[in-house]
Number of protein chains: 4
Amino acid sequence: MDASMAAMDPTTWLLLCRTVRFGDTDAAGVIHFHQLLRWCHEAWEESLERFGISAAEIFPAGGPPGSSEATAPPVALPIVHCSADFRRPLVCGDPLTLQLQPERLDPSSFEVRTTVLRGDELVAQGLIRHVAIGLEDRRRCGLPEPLQRWLEASALGGGVRPL
Amino acid sequence: MDASMAAMDPTTWLLLCRTVRFGDTDAAGVIHFHQLLRWCHEAWEESLERFGISAAEIFPAGGPPGSSEATAPPVALPIVHCSADFRRPLVCGDPLTLQLQPERLDPSSFEVRTTVLRGDELVAQGLIRHVAIGLEDRRRCGLPEPLQRWLEASALGGGVRPL
Amino acid sequence: MDASMAAMDPTTWLLLCRTVRFGDTDAAGVIHFHQLLRWCHEAWEESLERFGISAAEIFPAGGPPGSSEATAPPVALPIVHCSADFRRPLVCGDPLTLQLQPERLDPSSFEVRTTVLRGDELVAQGLIRHVAIGLEDRRRCGLPEPLQRWLEASALGGGVRPL
Amino acid sequence: MDASMAAMDPTTWLLLCRTVRFGDTDAAGVIHFHQLLRWCHEAWEESLERFGISAAEIFPAGGPPGSSEATAPPVALPIVHCSADFRRPLVCGDPLTLQLQPERLDPSSFEVRTTVLRGDELVAQGLIRHVAIGLEDRRRCGLPEPLQRWLEASALGGGVRPL
C-alpha cells in the first residue's frame, strides 16, 4: 500500500472488525478476560498487514532456532506492559469494531491502544507497549523502519477519531 | 441469506480465509498444534454466520446460568470427537484458505471436516464431530432446524470441490 | 482448612509453583504475553482451592444456562481491569514461583497482584481486579462470604513477604 | 531420576493430576474442547520433567532464531496427528487424573495416549503423535536418546494399568 494514500484514509488499516467466538467465552457466558489482549495483538498484526508490512519484516518465523529455514528480523519487539479495561459483557456472536491508536513513545518504544466498540457503545479497551531490542546484543535500539512508517502514517492521518 | 441462492454458490460460506498470527505459534517457530482445532471451530461459526444463522440460534450466551440475561437454545451441540493432521509447518503471516465439508451422520449428529490450504498446497486437516442433546433431559435429539438447512445447502451445492 | 491456622502460614495458599510449558511460548522463543494473565487467574483459582473454597462456591458451572444441571453462585465476579509487566524473557521449562497479594478495595471489589519469580529474580507481575455483581439485578453487591474469609486471612497473616 | 528405579514405579511420572480451571470452560459451562489437547501436551511435558529430562533437551527455547541466547536440540519433534474423544462434560473445579500411555511406533516416531479420569469414571481421551526430524536437513531421524529412555522405562514398567 502506498503510505501517502494510506495516510489519507487510516480507517483502512486502523479500524478492524471482529466477531466474538464461542471459544472466547467462559462458563459465565461472556468473554474470558485475557482473550481481549489476544484480540489486541491480532488486531495490531492485521493492521500492519493491511498497511502493507509483511509478517516476516516484524516477526520471527520459519522454524526453530538453528534450523536452516529460520528467519528473524534483526530487531525484536518484546512486550513490556499491557492492560485492559472491561466495561460491558461481551457474548458469542457480538460484532465488534476495533479502533487502533498507535503511539511512538520514544525512539525505541511504542504502544497501541485498542478501543473496542459494539455499535456506538464502548465495551472494552486494551493497551500493549513494546520496546525494540537488537537481536544480537539484546539492548534497546531504534524501531524497525517499516514500523516507523506505520506509526507516522497513523499520526499524520490524525488516526481514527477517538471516542 | 436466501438458502436457494446460497446453495448455488457455497463458496460464500464454505470457503474462508485466515492468516496465521504470532500468538498461534510456539518456540519451534510454527503453529502450536491445538490452535488448528480452534481455527476449525471458529471457521464453523463464521460459516453459520455467513449462511445467515445467528450465534444465538446455536450457542448459549448472555450471562451465567440463572441470570436473567442468560439465553440458550433448547438443543446443545457438544463435541464428542475431534482430530487433526499436520502436513506442513505453518508460520506467522501465512495466508490460508479453509475449506469446510460438513456432513450429517445421522438424525442427531454431524461432523465438519476442514481442509487447510496455503495456495494450492494441502497443509493440514481438522475434523470436529458434534451430537445434538436436549437441554432439559440431556438425551440425544434431532439437530436444530437452522443447522439442518446449513447441512442440506452444503450437500445440495455439492459443497466446495474437495482436493 | 481452618482459617486461623491458614493465617499462620499463608505460604500454603499464597505461594504457588508453575513451570513454563511449550504451548505458552511463541516464535520469539519466550512466553506469549497474555498467557501470563491466564496464569494469574489460574493461580487465584488454585489459591482458593488450597484455602478450602470449592470452585462451585465462586464460579458458575455444570451446564449451559437453562439446563437442569447448571449451577451458579448468586454473585458473579467479573473482571473490570487487568495489567501485566514483563521484566525478563521466560522460556519453556523455567520453574516459577507465583506470589499472590490479594487486597479488598471496597465492600464490592478486590484485586489480586501476582508477582512472578524465577529463583530470586523478579520476572513479571500481573494484576486482576474484580467487582461483585448480583446475578439477578446485575448491580454491585457485597463480596461472597468465602472470598471475604480468604481476603481477611491473607491480610491477617501479613501475606507472603513482598519483594 | 534413576531410570531403573523409575521403571519400578511409573505412577510417579505417568499418572498426573489436574484441576479444570475457569478459563478452560466456554459458555456451555463445560471445557472448551481443544483445551483437552493442551492438557495432553502439558501432561507429556510434566511427565518428561518428573522422569528427569529437562525441557532444554527436548524443546527449543531461549530467544528468537538467530539470537545469541537461542538454543535448540538437534532433533525437532513436530506433531503430525492428534485426536480426542469426549465422554462426559467437565466443569470448573473438577479434579482429574491423567494417565499417560506412551508408545514408540517406529525408530522415528511415537505417540502418547492420555486417559482422563474423574474418580473412577473415564471422561475423555487424547492422542498426540510425533515424528523426529533432524533440524538441519528436515528429514526423519531417530528419536532423541532421553526420549528413548522415557519410552523404554514406560514400557518396561508395564505403564500404569489401562482401564
# chains A, B, ... in the order shown; residues from 1 in each chain; ligands from 1
$ calpha_fit_and_write --fixed "chain D" --moving "chain C" --output "PDB file with C-alpha atoms, in the first residue's frame"
ATOM      1  CA  MET C   1      15.835 -39.877  38.477  1.00  0.00           C
ATOM      2  CA  ASP C   2      17.352 -43.302  38.164  1.00  0.00           C
ATOM      3  CA  ALA C   3      15.610 -45.018  35.263  1.00  0.00           C
ATOM      4  CA  SER C   4      15.611 -48.504  36.755  1.00  0.00           C
ATOM      5  CA  MET C   5      13.975 -47.194  39.900  1.00  0.00           C
ATOM      6  CA  ALA C   6      11.541 -45.149  37.894  1.00  0.00           C
ATOM      7  CA  ALA C   7      10.592 -48.270  35.930  1.00  0.00           C
ATOM      8  CA  MET C   8       9.538 -49.878  39.177  1.00  0.00           C
ATOM      9  CA  ASP C   9       7.014 -47.160  39.863  1.00  0.00           C
ATOM     10  CA  PRO C  10       5.915 -45.459  36.655  1.00  0.00           C
ATOM     11  CA  THR C  11       3.003 -43.900  38.509  1.00  0.00           C
ATOM     12  CA  THR C  12       5.427 -41.184  39.590  1.00  0.00           C
ATOM     13  CA  TRP C  13       5.731 -39.884  36.043  1.00  0.00           C
ATOM     14  CA  LEU C  14       2.810 -41.382  34.076  1.00  0.00           C
ATOM     15  CA  LEU C  15      -0.031 -40.560  36.451  1.00  0.00           C
ATOM     16  CA  LEU C  16      -0.655 -36.834  36.816  1.00  0.00           C
ATOM     17  CA  CYS C  17      -3.263 -34.587  38.403  1.00  0.00           C
ATOM     18  CA  ARG C  18      -5.020 -31.540  37.030  1.00  0.00           C
ATOM     19  CA  THR C  19      -7.976 -29.386  38.030  1.00  0.00           C
ATOM     20  CA  VAL C  20     -10.328 -27.856  35.438  1.00  0.00           C
ATOM     21  CA  ARG C  21      -9.883 -24.074  35.527  1.00  0.00           C
ATOM     22  CA  PHE C  22     -12.461 -21.401  34.717  1.00  0.00           C
ATOM     23  CA  GLY C  23     -10.634 -20.292  31.562  1.00  0.00           C
ATOM     24  CA  ASP C  24     -10.811 -23.873  30.231  1.00  0.00           C
ATOM     25  CA  THR C  25     -14.606 -23.606  29.999  1.00  0.00           C
ATOM     26  CA  ASP C  26     -16.907 -21.960  27.440  1.00  0.00           C
ATOM     27  CA  ALA C  27     -20.426 -20.542  27.613  1.00  0.00           C
ATOM     28  CA  ALA C  28     -21.900 -24.054  27.595  1.00  0.00           C
ATOM     29  CA  GLY C  29     -20.503 -24.337  31.132  1.00  0.00           C
ATOM     30  CA  VAL C  30     -18.071 -27.149  30.310  1.00  0.00           C
ATOM     31  CA  ILE C  31     -14.495 -27.344  28.988  1.00  0.00           C
ATOM     32  CA  HIS C  32     -13.955 -25.963  25.507  1.00  0.00           C
ATOM     33  CA  PHE C  33     -12.890 -28.997  23.496  1.00  0.00           C
ATOM     34  CA  HIS C  34      -9.393 -28.103  22.251  1.00  0.00           C
ATOM     35  CA  GLN C  35      -8.173 -27.282  25.777  1.00  0.00           C
ATOM     36  CA  LEU C  36      -8.077 -31.041  26.358  1.00  0.00           C
ATOM     37  CA  LEU C  37      -5.315 -31.339  23.759  1.00  0.00           C
ATOM     38  CA  ARG C  38      -3.441 -28.525  25.499  1.00  0.00           C
ATOM     39  CA  TRP C  39      -3.662 -30.556  28.739  1.00  0.00           C
ATOM     40  CA  CYS C  40      -2.368 -33.667  26.962  1.00  0.00           C
ATOM     41  CA  HIS C  41       0.715 -31.808  25.698  1.00  0.00           C
ATOM     42  CA  GLU C  42       1.350 -30.209  29.092  1.00  0.00           C
ATOM     43  CA  ALA C  43       0.965 -33.615  30.755  1.00  0.00           C
ATOM     44  CA  TRP C  44       3.611 -35.031  28.387  1.00  0.00           C
ATOM     45  CA  GLU C  45       5.946 -32.162  29.313  1.00  0.00           C
ATOM     46  CA  GLU C  46       5.315 -32.711  33.019  1.00  0.00           C
ATOM     47  CA  SER C  47       5.944 -36.428  32.604  1.00  0.00           C
ATOM     48  CA  LEU C  48       9.357 -35.827  30.989  1.00  0.00           C
ATOM     49  CA  GLU C  49      10.198 -33.368  33.763  1.00  0.00           C
ATOM     50  CA  ARG C  50       9.257 -35.839  36.507  1.00  0.00           C
ATOM     51  CA  PHE C  51      11.258 -38.554  34.770  1.00  0.00           C
ATOM     52  CA  GLY C  52      14.303 -36.282  34.911  1.00  0.00           C
ATOM     53  CA  ILE C  53      14.501 -34.907  31.351  1.00  0.00           C
ATOM     54  CA  SER C  54      14.955 -31.141  31.190  1.00  0.00           C
ATOM     55  CA  ALA C  55      12.860 -29.053  28.792  1.00  0.00           C
ATOM     56  CA  ALA C  56      16.057 -27.849  27.066  1.00  0.00           C
ATOM     57  CA  GLU C  57      16.849 -31.419  25.954  1.00  0.00           C
ATOM     58  CA  ILE C  58      13.594 -31.636  24.007  1.00  0.00           C
ATOM     59  CA  PHE C  59      12.205 -28.155  23.247  1.00  0.00           C
ATOM     60  CA  PRO C  60      13.752 -25.139  21.486  1.00  0.00           C
ATOM     61  CA  ALA C  61      13.962 -22.072  23.692  1.00  0.00           C
ATOM     62  CA  GLY C  62      15.898 -19.074  24.754  1.00  0.00           C
ATOM     63  CA  GLY C  63      15.134 -16.470  22.179  1.00  0.00           C
ATOM     64  CA  PRO C  64      14.213 -15.902  18.562  1.00  0.00           C
ATOM     65  CA  PRO C  65      16.128 -17.652  15.778  1.00  0.00           C
ATOM     66  CA  GLY C  66      19.474 -15.968  15.298  1.00  0.00           C
ATOM     67  CA  SER C  67      19.761 -14.577  18.800  1.00  0.00           C
ATOM     68  CA  SER C  68      22.849 -15.482  20.748  1.00  0.00           C
ATOM     69  CA  GLU C  69      20.725 -16.942  23.547  1.00  0.00           C
ATOM     70  CA  ALA C  70      18.696 -19.226  21.323  1.00  0.00           C
ATOM     71  CA  THR C  71      19.143 -22.919  21.873  1.00  0.00           C
ATOM     72  CA  ALA C  72      17.525 -25.861  20.186  1.00  0.00           C
ATOM     73  CA  PRO C  73      18.063 -29.582  20.427  1.00  0.00           C
ATOM     74  CA  PRO C  74      19.292 -31.036  17.089  1.00  0.00           C
ATOM     75  CA  VAL C  75      16.081 -33.022  16.668  1.00  0.00           C
ATOM     76  CA  ALA C  76      12.621 -31.459  16.391  1.00  0.00           C
ATOM     77  CA  LEU C  77       9.495 -33.444  17.300  1.00  0.00           C
ATOM     78  CA  PRO C  78       6.640 -31.962  15.291  1.00  0.00           C
ATOM     79  CA  ILE C  79       3.135 -33.305  15.841  1.00  0.00           C
ATOM     80  CA  VAL C  80       1.679 -35.006  12.767  1.00  0.00           C
ATOM     81  CA  HIS C  81      -1.631 -36.166  14.214  1.00  0.00           C
ATOM     82  CA  CYS C  82      -3.835 -35.679  17.232  1.00  0.00           C
ATOM     83  CA  SER C  83      -7.307 -36.745  18.270  1.00  0.00           C
ATOM     84  CA  ALA C  84      -9.615 -36.569  21.261  1.00  0.00           C
ATOM     85  CA  ASP C  85     -12.809 -38.232  22.456  1.00  0.00           C
ATOM     86  CA  PHE C  86     -15.142 -36.629  24.960  1.00  0.00           C
ATOM     87  CA  ARG C  87     -17.377 -38.861  27.097  1.00  0.00           C
ATOM     88  CA  ARG C  88     -18.575 -36.652  29.950  1.00  0.00           C
ATOM     89  CA  PRO C  89     -18.904 -32.888  30.415  1.00  0.00           C
ATOM     90  CA  LEU C  90     -16.137 -31.443  32.606  1.00  0.00           C
ATOM     91  CA  VAL C  91     -16.839 -28.401  34.742  1.00  0.00           C
ATOM     92  CA  CYS C  92     -14.698 -25.828  36.549  1.00  0.00           C
ATOM     93  CA  GLY C  93     -13.114 -27.310  39.647  1.00  0.00           C
ATOM     94  CA  ASP C  94     -13.325 -30.960  38.565  1.00  0.00           C
ATOM     95  CA  PRO C  95     -10.267 -32.796  39.888  1.00  0.00           C
ATOM     96  CA  LEU C  96      -8.864 -35.068  37.184  1.00  0.00           C
ATOM     97  CA  THR C  97      -6.303 -37.830  36.860  1.00  0.00           C
ATOM     98  CA  LEU C  98      -4.334 -38.020  33.614  1.00  0.00           C
ATOM     99  CA  GLN C  99      -2.908 -41.425  32.819  1.00  0.00           C
ATOM    100  CA  LEU C 100      -0.266 -41.442  30.054  1.00  0.00           C
ATOM    101  CA  GLN C 101       0.442 -44.425  27.792  1.00  0.00           C
ATOM    102  CA  PRO C 102       3.436 -43.606  25.580  1.00  0.00           C
ATOM    103  CA  GLU C 103       4.262 -45.890  22.673  1.00  0.00           C
ATOM    104  CA  ARG C 104       7.186 -45.985  20.242  1.00  0.00           C
ATOM    105  CA  LEU C 105       5.718 -46.569  16.765  1.00  0.00           C
ATOM    106  CA  ASP C 106       8.933 -46.926  14.737  1.00  0.00           C
ATOM    107  CA  PRO C 107      12.522 -45.669  15.065  1.00  0.00           C
ATOM    108  CA  SER C 108      11.473 -42.098  14.262  1.00  0.00           C
ATOM    109  CA  SER C 109       8.003 -41.709  15.756  1.00  0.00           C
ATOM    110  CA  PHE C 110       5.994 -42.202  18.917  1.00  0.00           C
ATOM    111  CA  GLU C 111       2.591 -41.341  20.331  1.00  0.00           C
ATOM    112  CA  VAL C 112       1.197 -40.595  23.755  1.00  0.00           C
ATOM    113  CA  ARG C 113      -2.336 -41.661  24.649  1.00  0.00           C
ATOM    114  CA  THR C 114      -3.802 -39.763  27.602  1.00  0.00           C
ATOM    115  CA  THR C 115      -6.758 -41.170  29.504  1.00  0.00           C
ATOM    116  CA  VAL C 116      -8.596 -38.622  31.627  1.00  0.00           C
ATOM    117  CA  LEU C 117     -10.437 -39.871  34.707  1.00  0.00           C
ATOM    118  CA  ARG C 118     -12.676 -38.148  37.260  1.00  0.00           C
ATOM    119  CA  GLY C 119     -12.530 -40.527  40.174  1.00  0.00           C
ATOM    120  CA  ASP C 120     -13.024 -43.934  38.523  1.00  0.00           C
ATOM    121  CA  GLU C 121     -14.992 -42.548  35.607  1.00  0.00           C
ATOM    122  CA  LEU C 122     -13.431 -42.320  32.146  1.00  0.00           C
ATOM    123  CA  VAL C 123     -14.280 -38.794  30.968  1.00  0.00           C
ATOM    124  CA  ALA C 124     -12.050 -38.182  27.935  1.00  0.00           C
ATOM    125  CA  GLN C 125      -9.121 -39.475  25.921  1.00  0.00           C
ATOM    126  CA  GLY C 126      -6.501 -37.703  23.878  1.00  0.00           C
ATOM    127  CA  LEU C 127      -3.788 -38.841  21.486  1.00  0.00           C
ATOM    128  CA  ILE C 128      -0.761 -36.979  20.144  1.00  0.00           C
ATOM    129  CA  ARG C 129       1.626 -38.469  17.564  1.00  0.00           C
ATOM    130  CA  HIS C 130       5.099 -37.023  16.924  1.00  0.00           C
ATOM    131  CA  VAL C 131       7.836 -37.683  14.380  1.00  0.00           C
ATOM    132  CA  ALA C 132      11.526 -36.910  14.838  1.00  0.00           C
ATOM    133  CA  ILE C 133      13.084 -34.588  12.265  1.00  0.00           C
ATOM    134  CA  GLY C 134      16.702 -33.501  11.996  1.00  0.00           C
ATOM    135  CA  LEU C 135      16.921 -29.767  12.479  1.00  0.00           C
ATOM    136  CA  GLU C 136      19.419 -29.295   9.665  1.00  0.00           C
ATOM    137  CA  ASP C 137      18.078 -31.432   6.848  1.00  0.00           C
ATOM    138  CA  ARG C 138      14.414 -31.561   7.949  1.00  0.00           C
ATOM    139  CA  ARG C 139      14.373 -35.342   7.313  1.00  0.00           C
ATOM    140  CA  ARG C 140      13.087 -38.065   9.612  1.00  0.00           C
ATOM    141  CA  CYS C 141      15.689 -39.349  12.042  1.00  0.00           C
ATOM    142  CA  GLY C 142      15.965 -41.414  15.229  1.00  0.00           C
ATOM    143  CA  LEU C 143      14.249 -40.274  18.412  1.00  0.00           C
ATOM    144  CA  PRO C 144      16.410 -38.294  20.854  1.00  0.00           C
ATOM    145  CA  GLU C 145      18.142 -40.540  23.387  1.00  0.00           C
ATOM    146  CA  PRO C 146      16.440 -39.100  26.529  1.00  0.00           C
ATOM    147  CA  LEU C 147      13.043 -39.676  24.923  1.00  0.00           C
ATOM    148  CA  GLN C 148      14.012 -43.264  24.099  1.00  0.00           C
ATOM    149  CA  ARG C 149      14.850 -43.848  27.753  1.00  0.00           C
ATOM    150  CA  TRP C 150      11.474 -42.436  28.794  1.00  0.00           C
ATOM    151  CA  LEU C 151       9.645 -44.631  26.258  1.00  0.00           C
ATOM    152  CA  GLU C 152      11.544 -47.730  27.359  1.00  0.00           C
ATOM    153  CA  ALA C 153      11.030 -47.117  31.058  1.00  0.00           C
ATOM    154  CA  SER C 154       7.312 -46.624  30.442  1.00  0.00           C
ATOM    155  CA  ALA C 155       7.091 -49.909  28.527  1.00  0.00           C
ATOM    156  CA  LEU C 156       9.294 -51.860  30.960  1.00  0.00           C
ATOM    157  CA  GLY C 157       7.221 -50.902  33.931  1.00  0.00           C
ATOM    158  CA  GLY C 158       4.135 -52.083  32.121  1.00  0.00           C
ATOM    159  CA  GLY C 159       3.019 -48.490  32.296  1.00  0.00           C
ATOM    160  CA  VAL C 160       0.140 -47.612  34.520  1.00  0.00           C
ATOM    161  CA  ARG C 161      -2.720 -50.062  34.419  1.00  0.00           C
ATOM    162  CA  PRO C 162      -5.000 -49.260  31.445  1.00  0.00           C
ATOM    163  CA  LEU C 163      -8.718 -49.117  32.164  1.00  0.00           C
TER     164      LEU C 163
END
$ select_by_dssp --residues "segment 12-158 of chain D" --states "alpha helix (DSSP H)" --output "PyMOL selection string"
chain D and resi 12-14+35-51+55-58+145-156
$ write_last_selection --atoms "C-alpha atoms" --output "tab-separated table (two decimals), in the first residue's frame"
chain	number	residue	atom	x	y	z
D	12	THR	CA	5.40	-41.20	39.59
D	13	TRP	CA	5.72	-39.89	36.04
D	14	LEU	CA	2.81	-41.41	34.08
D	35	GLN	CA	-8.18	-27.26	25.78
D	36	LEU	CA	-8.08	-31.04	26.35
D	37	LEU	CA	-5.33	-31.33	23.75
D	38	ARG	CA	-3.43	-28.53	25.50
D	39	TRP	CA	-3.65	-30.54	28.73
D	40	CYS	CA	-2.36	-33.67	26.95
D	41	HIS	CA	0.72	-31.81	25.70
D	42	GLU	CA	1.35	-30.22	29.09
D	43	ALA	CA	0.96	-33.63	30.76
D	44	TRP	CA	3.60	-35.04	28.38
D	45	GLU	CA	5.94	-32.17	29.30
D	46	GLU	CA	5.31	-32.72	33.02
D	47	SER	CA	5.94	-36.44	32.60
D	48	LEU	CA	9.35	-35.84	30.99
D	49	GLU	CA	10.20	-33.38	33.76
D	50	ARG	CA	9.25	-35.86	36.51
D	51	PHE	CA	11.25	-38.56	34.77
D	55	ALA	CA	12.86	-29.08	28.80
D	56	ALA	CA	16.05	-27.87	27.07
D	57	GLU	CA	16.86	-31.44	25.96
D	58	ILE	CA	13.59	-31.64	24.00
D	145	GLU	CA	18.14	-40.54	23.37
D	146	PRO	CA	16.43	-39.12	26.52
D	147	LEU	CA	13.04	-39.68	24.92
D	148	GLN	CA	14.01	-43.29	24.09
D	149	ARG	CA	14.84	-43.88	27.75
D	150	TRP	CA	11.47	-42.45	28.79
D	151	LEU	CA	9.64	-44.64	26.25
D	152	GLU	CA	11.54	-47.75	27.35
D	153	ALA	CA	11.02	-47.14	31.05
D	154	SER	CA	7.31	-46.64	30.43
D	155	ALA	CA	7.08	-49.93	28.52
D	156	LEU	CA	9.28	-51.88	30.96
$ select_by_dssp --residues "chain A" --states "strand (DSSP E or B)" --output "count of residues only"
55
$ decode --residues "segment 101-113 of chain B" --atoms "C-alpha atoms" --output "short mmCIF file (atom, residue, chain, number, x, y, z; two decimals), in the first residue's frame"
data_model
loop_
_atom_site.label_atom_id
_atom_site.label_comp_id
_atom_site.auth_asym_id
_atom_site.auth_seq_id
_atom_site.Cartn_x
_atom_site.Cartn_y
_atom_site.Cartn_z
CA GLN B 101 -17.06 -30.08 4.26
CA PRO B 102 -19.99 -30.56 6.64
CA GLU B 103 -21.73 -33.92 6.78
CA ARG B 104 -24.86 -35.09 8.57
CA LEU B 105 -24.04 -38.50 10.10
CA ASP B 106 -27.45 -39.46 11.49
CA PRO B 107 -30.53 -37.54 12.72
CA SER B 108 -28.71 -36.39 15.84
CA SER B 109 -25.12 -35.89 14.78
CA PHE B 110 -22.91 -34.23 12.19
CA GLU B 111 -19.27 -33.51 11.55
CA VAL B 112 -17.30 -30.79 9.81
CA ARG B 113 -14.08 -31.61 8.00
#
